[in-house]
Amino acid sequence: MTLDCVRKGRRCRIISIPSEAVRAQALRFGIAEGEVVTCTEVIPAGPVVISKNRQEIAIGRRLARQIEVEEVA
Amino acid sequence: MGHCHCAGLKIEMPPGARRIVLAGNPNTGKSVFFHHFTGIYTEVSNYPGTTLDIIYGRYGHDVVIDTPGVYGLSSFNDEERIARDIILSADLVINVVSAAYLERDLFLTQQIIDTGVPVVVALNMMDEARKMGVEVDVERLSHLLGVPVVPTVAVKKEGLELLKEKMGEARPGNPTPGLPEELESLRGRVDSQGEALLVLEGDPVVAGRHGLEPGNRREEIYRRRRERVNEICRLVVREARRHAGFGQALGMWTIRPLTGIPLLALALWVAYKVIGTFVAGTVVDFTEGTVMQGIYEPAVRGFVARFIPASSAPGTILIGDYGLLTMTVTYLLGLLLPLVAGFYFFLSLFEDSGYLPRIAVLSDRLLTSIGLNGKAVIPLILGFGCVTMATITTRLLSTERERRIAIFLLSLTIPCSAQMGVIAAMLTGLGPQYILVYSLVILSVLVMAGTLLSALLPGESANLLIDLPPLRPPRLENVLQKTLTRTYHFLKEAAPLFALGSLAIGIFQVTGLLDVLQGLLAPLTVGWLNLPREAATAFIMGIVRRDFGAAGLYSMSLSPLQTLVALVTITLFVPCIASMLVILKERPKWEGVLIWFASWATSFFTGGLVSRLARVLGHSAETIQPAPVLLGLAALTLAVIALSHALRRLKPSNITG
């Protein structure tokens, strides 16, 4: 599944992030492929907010559609 | 060192002085450290090739240089390029990190350590971390990083003296595993370990300086660095589970549309009430009416008239209607200064509280439809402070296409603080329905222009990927300092242009050229816009600065409808000379010229349209019925959006993914 389909409050593991530049930026923020993050907010038709510890990142809807994830319990 | 790439930055370095560089992520409180070290005597140097200013000051024998807040060193944007160059030339780096966000902040710390420069870490905001239930094992962190770590609460001056002591112990720390062997391959081909690192990480600029091919190891090095940082955090951070505080809950409300839109409206309403009613009314009445027109102008007129007759040509230029010593000074100090200070105060408040990125999230959906993404809301909001400054900050947008759209929209639709202040003051007197119509007219022009541009330009809006800093109560001291600095810069920039403008108008008036120009523009101003002939003067002034033009309208007697039409037109009118200069510098020349003429066309077309809609459909000739005007505009906006969709379908489809 992709990140935009994750429901608010659920946790998921990042499987793949589309481009090298986006991966580099995400790594700086602390989010890498393989990492488990929490989906803290889904703005209707807008960005998805994910968090890891206290760090929050907003990801635009179109990018979220390209990020492959799997839900974890 | 062979050649110092920081040499372009003009900083007075006494012989033997060390370059102490402050570095850190955005929102870590670096500026508080900077001011603590340097005191109030700081200097500003423009970074060559950019319009960003770098502040620096003396600390004892050494020089302390502040850098823009960044998440890493590379060439992603101007801030990073500058931070990278200054850090590469540093003798010592004080890295400020936020104790509550170590996972994010230590990435930069580790990257700076990997450059091989001596580092001391200030573990700041210890109080905030404690409140969040986060504990950090400082000693172990210091041991793992291999550099001194000093816990601080900079705003309360805690730990700052210890930091000064520990600066002597600053040293190169423990690099990312495996890195030293890889850097070996570049030995002798670059000047320093830091440059070798950036070449390896594929930085095109640093590689180019040494005639090397940029490396392709960025992702792998970043990954190992991230793993190392996560491991360090696992070992040193202890976290007690805590319930989300009020700040966190408020932070969430600000980005959910249902609560976020009312909150944003509330924030803007408060800003409008304070600036539009209190500053534009009470304060300006005093500064403009009592002080400038009541005391200053009669005094200067009396004084000058002793030497030059007021009715002579030089007399008109100096103390006439558009006089250099009368109108310019009154507009600038009496009218604009308080309004601009008011705007900058709110802007700094929004910035320091961490609210701007949240507005970006909230508005992402909307901005995507006009070819931008949420990040563009920052230059658009800054545009309400100063369009010139905002044009420069469009550099934070990641693609050419977005910069083009954002700069065009800024130049066309966003009134700067000075202009906005005059507009707010004039509209407040007319009543809420005028404010509503004015705002919706400008908004629909923004939507139409954005949608059309987005459809016409190739490509799509870039993806949003931003860090959401926590909401914090801003510190009044910092907010006031920012307000003061920005207001001062405004005066410095605006004063000469104002003088130039009124000199030109004064000369036009004396030579009779003003009358000729008014006659030439009459078909537009009188025929199309239904304004008095003299309104042309305001537009001529508006070419110099739009706020100057708006201020020119301020003193004219206009009917409510005329006021609305004139304000709509002057808002959409050409960008001021300073903005034009920046646009010509930042963009291809043809684009600047296009923007200038498109602004003329759009502003007069829209102004005339409003005037006609109000007259044809409204009941009375001089007041306004909002409904017909708004319906007419809504229809036009919908037509443009429909047209844009049709155009988009015709556009050759671009690369996806």
# chains A, B, ... in the order shown; residues from 1 in each chain; ligands from 1

call {"tool": "interface_residues", "arguments": {"of": "chain A", "to": "chain B", "cutoff": "6 Å", "atoms": "only C-alpha atoms", "output": "ChimeraX atom specification"}}
result
/A:29-30,46,56-60,63

call {"tool": "select_by_dssp", "arguments": {"residues": "segment 310-406 of chain B", "states": "alpha helix (DSSP H)", "output": "number ranges by chain"}}
result
B: 313-319, 327-329, 337-352, 356-368, 377-383, 387-393, 400-406

call {"tool": "select_by_dssp", "arguments": {"residues": "segment 4-48 of chain A", "states": "strand (DSSP E)", "output": "ChimeraX atom specification"}}
result
/A:11-16,36-42,48

call {"tool": "write_last_selection", "arguments": {"atoms": "C-alpha atoms", "output": "PDB file, in the first residue's frame"}}
result
ATOM      1  CA  ARG A  11       1.811   2.823  12.392  1.00  0.00           C
ATOM      2  CA  CYS A  12       3.562   1.763   9.242  1.00  0.00           C
ATOM      3  CA  ARG A  13       6.976   0.774   7.946  1.00  0.00           C
ATOM      4  CA  ILE A  14       8.445   2.762   5.056  1.00  0.00           C
ATOM      5  CA  ILE A  15       9.288   0.338   2.239  1.00  0.00           C
ATOM      6  CA  SER A  16      10.425   2.699  -0.489  1.00  0.00           C
ATOM      7  CA  VAL A  36       8.512   2.589  11.471  1.00  0.00           C
ATOM      8  CA  VAL A  37       6.549   5.825  11.710  1.00  0.00           C
ATOM      9  CA  THR A  38       3.159   6.900  13.013  1.00  0.00           C
ATOM     10  CA  CYS A  39       0.649   8.618  10.790  1.00  0.00           C
ATOM     11  CA  THR A  40      -0.462  11.487  13.018  1.00  0.00           C
ATOM     12  CA  GLU A  41      -2.690  13.433  10.688  1.00  0.00           C
ATOM     13  CA  VAL A  42      -4.240  13.144   7.254  1.00  0.00           C
ATOM     14  CA  VAL A  48      -0.067  13.479   5.340  1.00  0.00           C
TER      15      VAL A  48
END

call {"tool": "residues_around", "arguments": {"residues": "segment 287-303 of chain B", "least_positions_apart": "2", "cutoff": "8 Å", "atoms": "only C-alpha atoms", "output": "list in words"}}
result
Val283, Val284, Asp285, Ala305, Arg306, Phe307, Ala310, Ile319, Leu325, Thr326, Thr330, Tyr331, Leu333, Gly334 and Leu335 of chain B

call {"tool": "write_last_selection", "arguments": {"atoms": "N, CA and C atoms", "output": "mmCIF file, in the first residue's frame"}}
result
data_model
loop_
_atom_site.group_PDB
_atom_site.id
_atom_site.type_symbol
_atom_site.label_atom_id
_atom_site.label_comp_id
_atom_site.auth_asym_id
_atom_site.auth_seq_id
_atom_site.Cartn_x
_atom_site.Cartn_y
_atom_site.Cartn_z
ATOM 1 N N VAL B 283 -2.631 55.558 16.013
ATOM 2 C CA VAL B 283 -1.215 55.908 15.943
ATOM 3 C C VAL B 283 -0.930 56.858 14.782
ATOM 4 N N VAL B 284 -1.482 56.518 13.594
ATOM 5 C CA VAL B 284 -1.205 57.357 12.430
ATOM 6 C C VAL B 284 -1.821 58.756 12.586
ATOM 7 N N ASP B 285 -3.010 58.819 13.188
ATOM 8 C CA ASP B 285 -3.601 60.145 13.449
ATOM 9 C C ASP B 285 -2.626 61.018 14.214
ATOM 10 N N ALA B 305 10.858 78.794 3.401
ATOM 11 C CA ALA B 305 10.306 79.990 2.767
ATOM 12 C C ALA B 305 11.122 81.240 3.087
ATOM 13 N N ARG B 306 11.909 81.161 4.144
ATOM 14 C CA ARG B 306 12.765 82.308 4.463
ATOM 15 C C ARG B 306 13.834 82.523 3.395
ATOM 16 N N PHE B 307 14.230 81.409 2.727
ATOM 17 C CA PHE B 307 15.314 81.498 1.728
ATOM 18 C C PHE B 307 14.787 81.427 0.294
ATOM 19 N N ALA B 310 7.996 80.086 -1.726
ATOM 20 C CA ALA B 310 7.303 78.797 -1.818
ATOM 21 C C ALA B 310 6.721 78.562 -3.202
ATOM 22 N N ILE B 319 8.985 72.139 -0.984
ATOM 23 C CA ILE B 319 7.918 72.198 0.031
ATOM 24 C C ILE B 319 6.521 72.310 -0.576
ATOM 25 N N LEU B 325 10.691 67.755 1.099
ATOM 26 C CA LEU B 325 10.815 67.924 2.550
ATOM 27 C C LEU B 325 9.473 67.828 3.250
ATOM 28 N N THR B 326 8.369 67.970 2.481
ATOM 29 C CA THR B 326 7.064 67.908 3.122
ATOM 30 C C THR B 326 6.413 66.542 2.914
ATOM 31 N N THR B 330 6.585 63.235 5.432
ATOM 32 C CA THR B 330 5.341 62.923 6.128
ATOM 33 C C THR B 330 4.865 61.505 5.800
ATOM 34 N N TYR B 331 4.838 61.174 4.517
ATOM 35 C CA TYR B 331 4.418 59.821 4.120
ATOM 36 C C TYR B 331 5.297 58.767 4.773
ATOM 37 N N LEU B 333 7.611 58.891 7.372
ATOM 38 C CA LEU B 333 7.709 58.771 8.829
ATOM 39 C C LEU B 333 6.350 58.790 9.517
ATOM 40 N N GLY B 334 5.438 59.615 9.011
ATOM 41 C CA GLY B 334 4.158 59.763 9.690
ATOM 42 C C GLY B 334 3.208 58.635 9.357
ATOM 43 N N LEU B 335 3.161 58.249 8.081
ATOM 44 C CA LEU B 335 2.160 57.287 7.637
ATOM 45 C C LEU B 335 2.719 55.869 7.578
#

call {"tool": "residues_around", "arguments": {"residues": "Glu182 of chain B", "least_positions_apart": "6", "cutoff": "10 Å", "atoms": "only C-alpha atoms", "output": "ChimeraX atom specification"}}
result
/B:196-197,200,217

call {"tool": "atom_distance", "arguments": {"atom1": "atom CA of Gly29 of chain B", "atom2": "atom CA of Ser98 of chain B"}}
result
8.3 Å

call {"tool": "residues_around", "arguments": {"residues": "segment 579-590 of chain B", "least_positions_apart": "5", "cutoff": "12 Å", "atoms": "only C-alpha atoms", "output": "MDAnalysis selection string"}}
result
chainID B and resid 49:51 383 386:395 400:401 403:408 410:412 415:416 493:494 497 543:546 574 595:599

call {"tool": "residues_around", "arguments": {"residues": "Ala122 of chain B", "least_positions_apart": "3", "cutoff": "7 Å", "atoms": "only C-alpha atoms", "output": "tab-separated table (two decimals) with C-alpha atoms, in the first residue's frame"}}
result
chain	number	residue	atom	x	y	z
B	94	ILE	CA	29.65	25.91	17.96
B	95	ASN	CA	26.86	23.56	16.96
B	96	VAL	CA	23.57	24.43	18.66
B	97	VAL	CA	21.20	21.47	18.91
B	149	VAL	CA	28.77	18.85	24.94
B	150	VAL	CA	27.39	21.63	27.15
B	151	PRO	CA	23.75	21.60	28.31
B	152	THR	CA	22.19	25.08	27.99

call {"tool": "residues_around", "arguments": {"residues": "Tyr434 of chain B", "least_positions_apart": "3", "cutoff": "10 Å", "atoms": "only C-alpha atoms", "output": "MDAnalysis selection string"}}
result
chainID B and resid 427:431 437:440 560:561 563:564 623:626

call {"tool": "write_last_selection", "arguments": {"atoms": "C-alpha atoms", "output": "short mmCIF file (atom, residue, chain, number, x, y, z; two decimals), in the first residue's frame"}}
result
data_model
loop_
_atom_site.label_atom_id
_atom_site.label_comp_id
_atom_site.auth_asym_id
_atom_site.auth_seq_id
_atom_site.Cartn_x
_atom_site.Cartn_y
_atom_site.Cartn_z
CA LEU B 427 -11.15 50.65 3.52
CA THR B 428 -11.89 50.64 7.24
CA GLY B 429 -13.58 54.00 6.81
CA LEU B 430 -15.90 52.60 4.14
CA GLY B 431 -17.35 49.62 5.93
CA VAL B 437 -15.27 42.97 -2.08
CA TYR B 438 -11.69 44.24 -2.18
CA SER B 439 -10.29 41.03 -0.64
CA LEU B 440 -12.33 38.77 -2.89
CA PRO B 560 -16.58 55.02 -1.86
CA LEU B 561 -16.82 53.20 -5.20
CA THR B 563 -11.88 54.44 -3.61
CA LEU B 564 -12.50 50.72 -4.09
CA THR B 623 -21.94 53.17 -3.48
CA ILE B 624 -21.58 49.48 -3.97
CA GLN B 625 -23.81 46.45 -3.82
CA PRO B 626 -21.39 43.61 -3.17
#

call {"tool": "atom_distance", "arguments": {"atom1": "atom CA of Leu347 of chain B", "atom2": "atom CA of Gln433 of chain B"}}
result
26.2 Å

call {"tool": "atom_distance", "arguments": {"atom1": "atom CA of Pro148 of chain B", "atom2": "atom CA of Val199 of chain B"}}
result
27.6 Å

call {"tool": "closest_residue", "arguments": {"among": "A:Arg54, A:Arg65, A:Ile17, A:Pro47", "to": "Leu3 of chain A", "atoms": "only C-alpha atoms"}}
result
A:Arg65
